[in-house]
Amino acid sequence: MSPQDGAKISGRDVAESHRRETAQLLIFIFLLILTILTIWLFKHRRVRFLHETGGAMFYGLIMGLILRYTIPSSDPENSIVHDCKSVTTNPGTLLLNVTDRLYEYEYKREIDKHNMNNRQRNEILRKVTFDSEIFFNVLLPPIIFYAGYSLKKRQFFRNLGSILTYAFIGTAISCIVIGAVMYGFVMAMINLGQLGEHDFYFTDCLFFGALISATDPVTVLAIFHELNVDTQLYTLLFGESVLNDAVAIVLTYSISIYSPKDNPHTFDAAAFFKSVGNFAWIFAGSFAMGSAYGIVTALLTKFTKLCEFAMLETGIFFLLSWSAFLSAEASGLTGIVAVLFCGITQAHYTYNNLSDEAKMRTKQLFEFMNFMAENFIFCYMGVALFTYQNHIFNALFIFGAVLAIFVARACNIYPLSFLLNLRRKRKIPWNFQHMMMFSGLRGAIAFALAIRDTDSKPKQMMFTTTLLIVFFTVWVFGGGTTQMLTWLRIRVDVNPDDELNQESSCVSVDDGQGVNRTKTESAWLFRIWYNFDHKYLKPALTHAGPPLTSTLPAWCGPFAKLLTSPQAYQDQQKEDDTDYIISNDELSAYYEDTSASCSGDVPGKDIPEQRQPVSKENFSEGEIQQTVGPVSSPTPSGPTF
């Protein structure tokens, strides 16, 4: 074959590849259009038995079925297996000399011989299998950032101790329990001859336990939001899922780098503590990097006139937020953790410096990106069930995984809730615990962690099992959320504004003594943080708070004048700082037994409505004012979605 003929063939291949990639994108566009129309229909008809994510997965499933069994193969030569006896390893890049012409090939993955059938040579099926880096670098960052940016900080920080317990200790318990249960099933599979003795080790079981411990109750939370379920339950579940994803990702990485010197699959104390140290370092470093990008953005928007150009303001906000993720990944840290805490920092500080137009644009931009990315991932899950070409279905492994996640969820929720209730003044009731047990759905994070590494047979089996678990939990448990709420008698139609007024009225009773009780009984750690935040961080990074010239020592005068905004002098507080923080700041920690006695575990519709509700317009901007007693100047806080 002459070089000219080779060039013509190459040109035709490039054009054909471009056509297939365009068709691939068009398929997913049509799936998203169909999903959006179905969402509108469900909202219009008030259908709650199937959430939008379940619908997206169903449409993806149908499309994957069509692609797999209706589109013929275009190139039979792609399924021919060629022997390369001279190659004894699996290099990342392979150079082949074919008839004195040099060709470069890149390594993708190991393929099971059982999957080598007439569908393996279908080019369309290979094209719709995305690179896992697309999920981590493009689709996941907006989802995680939106979770942090839309966080309702007041409820989150009031339950921070419980949320951290569920997220850190609970995820570790879940990982260990799932790993132990799966190791038992793996041993049974080895004895039955379904696995080789060296195919699956305990570290592989722990790795699977870590990735499948990432909960994603997006379906349940959407129904909670629509029904206005009790805010304490919503906050506990949402806060756990947000931090749990970050912990699961770091834990997965820490287990993957566990490497004893002698035998890589035996316990070694030095390697174990090294992995624990890596976990702490990666989480802390990612947290610091994400927060640093948020602080840099806050200072930029405070000391520049970007607010005069809303488009530029939104652009710099978006790019710096995404840079937090990429910088962490490039530094060997975890971008998911970095972008999560970047979102929380941006909401708490940077949001206050934005113009009104930029506030609206950033809220709508990230809400839209979260919606599209989430539905795209769930559509792809449905497609991947039929188009992914290296599935390994093992009934015993799948059954063991389903059993393990239930056992692990129970070992997580019930014991930790019992321990937390020993110190909590507003207890976590049994019906809340049952609902949290029921809401342990798996979703985008577990799927992305599983698809990121499918090079070996154990990882391919994990990916297939994870995909089936996501289908099962989203369709079965997501669809049964409304019935479970009714059965557990959990109150709905709860207005957060009414609860806020109830707490404010309770705090303000007895001629101001309530404020003093709040100051005394609030968690000392949080009071110290709020005091520090209000005196130093808010004035330094935003236009709000007392002037730094009145809070910093005299020798810091030039520095304080440089960082203090002129608006801060106009809003200088007149009462004691600590009382102001506890009474007025959105992040204040009201003592829980008083708020419990005011709101109580009564149906949401029975909440008293004598007091004038907080202005919805002010509440959406985070401006919370007392309804009784003197009104202090509001402190703007993060966005509410």
# chains A, B, ... in the order shown; residues from 1 in each chain; ligands from 1
call {"tool": "select_by_dssp", "arguments": {"residues": "range 271-456 of chain A", "states": "alpha helix (DSSP H)", "output": "ChimeraX atom specification"}}
result
/A:271-303,310-330,335-345,351-353,356-387,395-421,430-438,444-451
call {"tool": "residues_around", "arguments": {"residues": "Ala222 in chain A", "least_positions_apart": "6", "cutoff": "12 Å", "atoms": "only C-alpha atoms", "output": "PDB file with C-alpha atoms, in the first residue's frame"}}
result
ATOM      1  CA  LYS A  43     -43.623  18.085  38.785  1.00  0.00           C
ATOM      2  CA  ARG A  48     -43.125  11.215  43.687  1.00  0.00           C
ATOM      3  CA  LEU A  50     -39.843   8.082  40.723  1.00  0.00           C
ATOM      4  CA  HIS A  51     -37.339  10.931  41.008  1.00  0.00           C
ATOM      5  CA  GLU A  52     -35.732  12.667  38.026  1.00  0.00           C
ATOM      6  CA  THR A  53     -32.479  10.759  38.571  1.00  0.00           C
ATOM      7  CA  ASP A 216     -25.748  10.177  47.572  1.00  0.00           C
ATOM      8  CA  ASN A 228     -40.623  20.705  53.615  1.00  0.00           C
ATOM      9  CA  VAL A 229     -39.603  17.857  55.914  1.00  0.00           C
ATOM     10  CA  TYR A 234     -32.882  17.311  56.377  1.00  0.00           C
ATOM     11  CA  LEU A 237     -28.878  13.785  56.108  1.00  0.00           C
ATOM     12  CA  PHE A 238     -27.625  16.514  53.781  1.00  0.00           C
ATOM     13  CA  PHE A 371     -28.576  19.904  37.497  1.00  0.00           C
ATOM     14  CA  SER A 439     -31.823   7.003  52.946  1.00  0.00           C
ATOM     15  CA  GLY A 478     -35.801   6.647  46.322  1.00  0.00           C
ATOM     16  CA  GLY A 479     -39.243   5.624  45.087  1.00  0.00           C
ATOM     17  CA  THR A 481     -39.378   7.817  50.348  1.00  0.00           C
ATOM     18  CA  THR A 482     -42.870   9.340  50.538  1.00  0.00           C
TER      19      THR A 482
END
call {"tool": "closest_residue", "arguments": {"among": "A:Ser213, A:Ser254, A:Ser291, A:Thr362", "to": "Ser150 in chain A", "atoms": "only C-alpha atoms"}}
result
A:Thr362
call {"tool": "atom_distance", "arguments": {"atom1": "CA of Thr334 in chain A", "atom2": "CA of Asn159 in chain A"}}
result
25.2 Å
call {"tool": "residues_around", "arguments": {"residues": "Met187 in chain A", "least_positions_apart": "5", "cutoff": "9 Å", "atoms": "only C-alpha atoms", "output": "list in words"}}
result
Met182, Leu192, Leu195, Glu197 and Phe200 of chain A
